[in-house]
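Here's the structure, in C-alpha cells; my notes come after.
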Amino acid sequence: IQHGGGAQEIVLVTGGAGYIGSHTVVELLQQGYFVVIVDNLYNSAEECVNRVRELVGDRSQFLAFHKADICDTLQLDAVFRKYKTSAVVHFAGLKAVGESVAEPLKYYKNNVAGTLNLLECMKKYDCKKLVFSSSATVYGQPKSVPCMEDFPLQAANPYGRTKLFIEEILNDLYESDKTWRIIMLRYFNPVGAHPSGRIGEDPAGIPNNLMPFVEQVAVGRRKELSVFGKDYPTRDGTGIRDYIHVLDLAAGHVAALRKLAVTPDIGCEPYNLGTGRGTSVLEMVAAFEKASGKKIPLRISDRRPGDCAEVFGSTKKAEEELGWKAKLSIEDMCRDQWRWACKNPWGYREHYAAEAHKS
Ligand code: NAD
Ligand code: WQD
C-alpha cells in the first residue's frame, strides 16, 4: 500500500500505544510521516491510540493501528506485507526490572525473541532502517558520570540484559550486512506527559518508577512516597538521575530517523537521550510539590537493591551528530505530569469505567 500520494515515508512503530511510543507517534504524524502502530496492548490501552488520533486532527488519516504481537511471525508478516515500510521505531518490550528478576524467561522471550522476529521480518521485506529503544540501564553502575556512549556496558538484571543482548545482536547484524542503518537510543529517565493532558504514562499496579509513584500520591491513590535511601554520597543523600521530558524524547526519535535517512553508512550507533543534568529524589519531589501545590508525604526507607547513587548522561554525541538537544526543564516535566494526573487520576482506566457505566 502506498499512502499520501506515495511520497510519504511509512514508519512502523512497535509499542506505539505505550508511554514513549504514543508521544513519539504524535510527533511523527505532526512531522508528516505515515505511521503504522503494532502493539499487543499488553501494557497499554487502545484509548491511548484514540487520543493520539484526536491530538493530531486531520493527520490521523495517516495513522494505522494493528493489535499484533511482535512475537507472532504471521501477524507481523501481514503488517509488513500490507505497508511498504521504510523504517521501524522499535519500542515494544517489557520494562519492569523487578518482574524481570522473577520471570526472566518472559523477558528474554518477549524482548529478545520478539526483536529477532522483527529483524527477520525487516530483512525479508528489505526494510533495514531501525531506531531501537535501548536504555541507560546498559551502563550498569557507571564508572563515572556523565555516561558516555563508549563506556563499558554491563547489566544488573535480566531486563537490562535484554537491552544489552539486543544491542549486541544489532551490532552483529550490521557487521553481517552493511546495508543496515541502526540507531540505538539509550534513554535516561523519561517523565512528563503531553501538554494537552490527554496522553501520559499509565502504569498497571504499583508503579516502579519515581514520578508515577509521586503522581499517585498527589492524586490520593497512595498514602506516601518511600524514598529509597538517604545515605548516598550525593548532595542531599538521595539518588540522582537524569530526568528527561517525554516530548524531548519523542523529538529525539524524529532526529534519529532523519539521521538514518541521510546517512547510508551510519552503521549501528548508540546515542544517549538525556539532559546531561542530574536531579535528586528530594529535588524532584520539591519540584512536583511546587507544580501541583500538593504536599507529598515521605518516608525514608532502605536503599533499593541494585540502585546507583548518581546516573546522568553526556548529551554531546546526540547534539553533534543528531542535532538534537533536550529543551524542557524539570518544571515543565512536573507541570505536564501533574496536568495529566489531574485530568486522568486513574489513567486510561477511567475512560473504560465511564464507558461501562453508560452501557
Ligand atoms: P510501555 O510499556 O508504556 O510501552 C511498551 C509498549 O510495547 C506497550 O504498549 C506494550 O503493550 C507494547 N508491547 C510489549 N510487548 C509487546 C509485544 N510482544 N508485541 C507488541 N507490543 C508489545 O513502556 P515505555 O516506557 O513506553 O517504553 C518503551 C520502550 O523504551 C521499552 O522498550 C522500554 O524498555 C524502553 N525504555 C523505557 C524507559 C522508561 O523508563 N520508560 C527507559 C529506557 C528505555
Ligand atoms: C529514580 C530514583 C530511586 C521510586 C529505572 C530502570 C531503568 C530505566 C528507567 C528502563 C532512584 C528513587 C524510586 C520510589 C524512590 N527503565 N525512587 N522511591 O531506577 O533510575 O531507572 O527506570 O529502561 O532501567 O532501572 O528510575 O524512577 O525507578 O528511580 O526513592 O518509589 O528514585 O531509588 O534514585 P531508575 P526510578
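Order determines the names: the first chain of the C-alpha cells is A, the second B, and so forth; residues in each chain are numbered 1 upward, and ligands are numbered 1 upward as they are shown.
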Please report, as a Markdown table, each residue of chain A lying at most 7 Å from ligand 2, together with the nearest pair of atoms and the separation in Å rounded to one decimal; use only C-alpha atoms and all ligand atoms, and order rows by chain and ascending residue number.
```
| residue | atom | partner | partner_atom_place_in_ligand_line | distance |
| --- | --- | --- | --- | --- |
| A:Lys95 | CA | ligand 2 | 10 (C) | 5.7 |
| A:Val97 | CA | ligand 2 | 25 (O) | 6.0 |
| A:Ser134 | CA | ligand 2 | 23 (O) | 6.9 |
| A:Ser135 | CA | ligand 2 | 23 (O) | 4.5 |
| A:Ala136 | CA | ligand 2 | 23 (O) | 6.5 |
| A:Thr137 | CA | ligand 2 | 24 (O) | 4.5 |
| A:Gly160 | CA | ligand 2 | 24 (O) | 6.3 |
| A:Phe188 | CA | ligand 2 | 9 (C) | 6.3 |
| A:Asn189 | CA | ligand 2 | 9 (C) | 5.0 |
| A:Asn208 | CA | ligand 2 | 28 (O) | 5.4 |
| A:Asn209 | CA | ligand 2 | 27 (O) | 3.3 |
| A:Leu210 | CA | ligand 2 | 4 (C) | 3.7 |
| A:Met211 | CA | ligand 2 | 27 (O) | 6.3 |
| A:Phe213 | CA | ligand 2 | 31 (O) | 5.9 |
| A:Leu225 | CA | ligand 2 | 31 (O) | 5.9 |
| A:Ser226 | CA | ligand 2 | 18 (N) | 5.0 |
| A:Val227 | CA | ligand 2 | 30 (O) | 3.4 |
| A:Phe228 | CA | ligand 2 | 30 (O) | 3.9 |
| A:Gly229 | CA | ligand 2 | 30 (O) | 6.8 |
| A:Thr238 | CA | ligand 2 | 34 (O) | 6.4 |
| A:Gly239 | CA | ligand 2 | 34 (O) | 3.7 |
| A:Ile240 | CA | ligand 2 | 34 (O) | 5.7 |
| A:Arg241 | CA | ligand 2 | 20 (O) | 5.9 |
| A:Val281 | CA | ligand 2 | 32 (O) | 5.4 |
| A:Arg303 | CA | ligand 2 | 33 (O) | 6.7 |
| A:Arg304 | CA | ligand 2 | 33 (O) | 6.0 |
| A:Asp307 | CA | ligand 2 | 33 (O) | 5.9 |
| A:Ala309 | CA | ligand 2 | 34 (O) | 6.9 |
```
Practice task
Step by step, measure atom-to-atom distances between ligand 1 and each residue using only C-alpha atoms and all ligand atoms, keep those at most 7 Å, then write them as a ChimeraX atom specification.
Solution key: /A:14-21,38-44,68-71,91-95,110,114,133-136,186-190,201
Exercise for the section: Find the residues near Ala87 of chain A: any atom within 7 Å, counting only C-alpha atoms, skip ones fewer than 2 places away on the same chain, and give them as a ChimeraX atom specification. Expected result: /A:10-12,85,89,127-130
Using C-alpha atoms, can you export the residues from the last selection as a compact mmCIF listing (two decimals), in the first residue's frame?
```txt
# COMPACT_ATOMS: atom_id res chain seq x y z
CA ILE A 10 5.93 4.91 6.18
CA VAL A 11 7.29 4.24 9.66
CA LEU A 12 6.30 1.17 11.62
CA THR A 85 7.66 0.26 5.44
CA VAL A 89 11.00 2.54 15.53
CA CYS A 127 13.40 -2.64 5.44
CA LYS A 128 16.79 -2.01 7.01
CA LYS A 129 16.46 1.25 8.93
CA LEU A 130 15.89 0.81 12.64
```
Exercise for the section: Enumerate as an MDAnalysis selection string all residues of segment 120-315 of chain A assigned to helix (DSSP H, G or I) by DSSP on the backbone, naming them with the chain letters and numbers the document uses. Expected result: chainID A and resid 120:124 136:139 158:176 210:218 246:262 281:292
Problem - Selection: 10 Å around Gly313 of chain A, only C-alpha atoms, excl. self and same-chain fewer than 5 positions, as a PyMOL selection string - result: chain A and resi 136+139+145-149+186-188+241-242+271-278
Handout entry: Distance of atom CA of Thr115 of chain A from atom CA of Val35 of chain A, expressed in Å to one decimal place
Key = 19.1 Å
If we count only C-alpha atoms, what is near Glu167 of chain A at a cut-off of 10 Å, once residues fewer than 6 positions away on the same chain are taken out, given as a PDB file with N, CA, C and O atoms, in the first residue's frame?
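Result file is selection_27.pdb:
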```pdb
ATOM      1  N   PHE A 132      16.131   1.808  17.746  1.00  0.00           N
ATOM      2  CA  PHE A 132      15.815   0.887  18.843  1.00  0.00           C
ATOM      3  C   PHE A 132      15.825   1.598  20.191  1.00  0.00           C
ATOM      4  O   PHE A 132      16.734   2.371  20.486  1.00  0.00           O
ATOM      5  N   SER A 133      14.815   1.287  21.016  1.00  0.00           N
ATOM      6  CA  SER A 133      14.728   1.824  22.379  1.00  0.00           C
ATOM      7  C   SER A 133      15.666   1.067  23.293  1.00  0.00           C
ATOM      8  O   SER A 133      15.313   0.022  23.837  1.00  0.00           O
ATOM      9  N   SER A 134      16.868   1.585  23.468  1.00  0.00           N
ATOM     10  CA  SER A 134      17.738   0.996  24.484  1.00  0.00           C
ATOM     11  C   SER A 134      17.562   1.802  25.755  1.00  0.00           C
ATOM     12  O   SER A 134      16.564   2.524  25.913  1.00  0.00           O
ATOM     13  N   VAL A 138      22.039   0.013  30.372  1.00  0.00           N
ATOM     14  CA  VAL A 138      23.188  -0.741  29.834  1.00  0.00           C
ATOM     15  C   VAL A 138      24.531  -0.222  30.382  1.00  0.00           C
ATOM     16  O   VAL A 138      25.555  -0.858  30.190  1.00  0.00           O
ATOM     17  N   ARG A 161      19.788  -6.880  30.800  1.00  0.00           N
ATOM     18  CA  ARG A 161      20.481  -7.790  29.873  1.00  0.00           C
ATOM     19  C   ARG A 161      19.734  -7.923  28.550  1.00  0.00           C
ATOM     20  O   ARG A 161      20.358  -8.087  27.507  1.00  0.00           O
ATOM     21  N   LEU A 173      24.364  -7.939  13.481  1.00  0.00           N
ATOM     22  CA  LEU A 173      23.565  -7.884  12.262  1.00  0.00           C
ATOM     23  C   LEU A 173      24.198  -6.903  11.278  1.00  0.00           C
ATOM     24  O   LEU A 173      24.370  -7.209  10.089  1.00  0.00           O
ATOM     25  N   ILE A 182      21.298   1.511  11.729  1.00  0.00           N
ATOM     26  CA  ILE A 182      20.686   1.275  13.041  1.00  0.00           C
ATOM     27  C   ILE A 182      21.120   2.335  14.052  1.00  0.00           C
ATOM     28  O   ILE A 182      22.317   2.613  14.198  1.00  0.00           O
ATOM     29  N   ILE A 183      20.132   2.912  14.725  1.00  0.00           N
ATOM     30  CA  ILE A 183      20.436   3.817  15.847  1.00  0.00           C
ATOM     31  C   ILE A 183      19.827   3.235  17.116  1.00  0.00           C
ATOM     32  O   ILE A 183      18.650   2.860  17.138  1.00  0.00           O
ATOM     33  N   MET A 184      20.664   3.127  18.147  1.00  0.00           N
ATOM     34  CA  MET A 184      20.198   2.619  19.438  1.00  0.00           C
ATOM     35  C   MET A 184      20.144   3.819  20.381  1.00  0.00           C
ATOM     36  O   MET A 184      21.172   4.449  20.653  1.00  0.00           O
ATOM     37  N   CYS A 268      25.831   0.957  13.141  1.00  0.00           N
ATOM     38  CA  CYS A 268      24.959   0.634  14.274  1.00  0.00           C
ATOM     39  C   CYS A 268      25.462   1.479  15.436  1.00  0.00           C
ATOM     40  O   CYS A 268      26.455   1.153  16.062  1.00  0.00           O
ATOM     41  N   GLU A 269      24.795   2.619  15.659  1.00  0.00           N
ATOM     42  CA  GLU A 269      25.339   3.625  16.586  1.00  0.00           C
ATOM     43  C   GLU A 269      24.455   3.866  17.802  1.00  0.00           C
ATOM     44  O   GLU A 269      23.251   4.074  17.663  1.00  0.00           O
ATOM     45  N   PRO A 270      25.066   3.895  18.993  1.00  0.00           N
ATOM     46  CA  PRO A 270      24.298   4.271  20.185  1.00  0.00           C
ATOM     47  C   PRO A 270      24.341   5.773  20.441  1.00  0.00           C
ATOM     48  O   PRO A 270      25.355   6.434  20.162  1.00  0.00           O
TER      49      PRO A 270
END
```
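Comparing the minimum interatomic distances between Glu283 of chain A and each of A:Gly237, A:Pro264, A:Gly323, A:Gly32, counting only C-alpha atoms, we find that A:Gly237 sits nearest.
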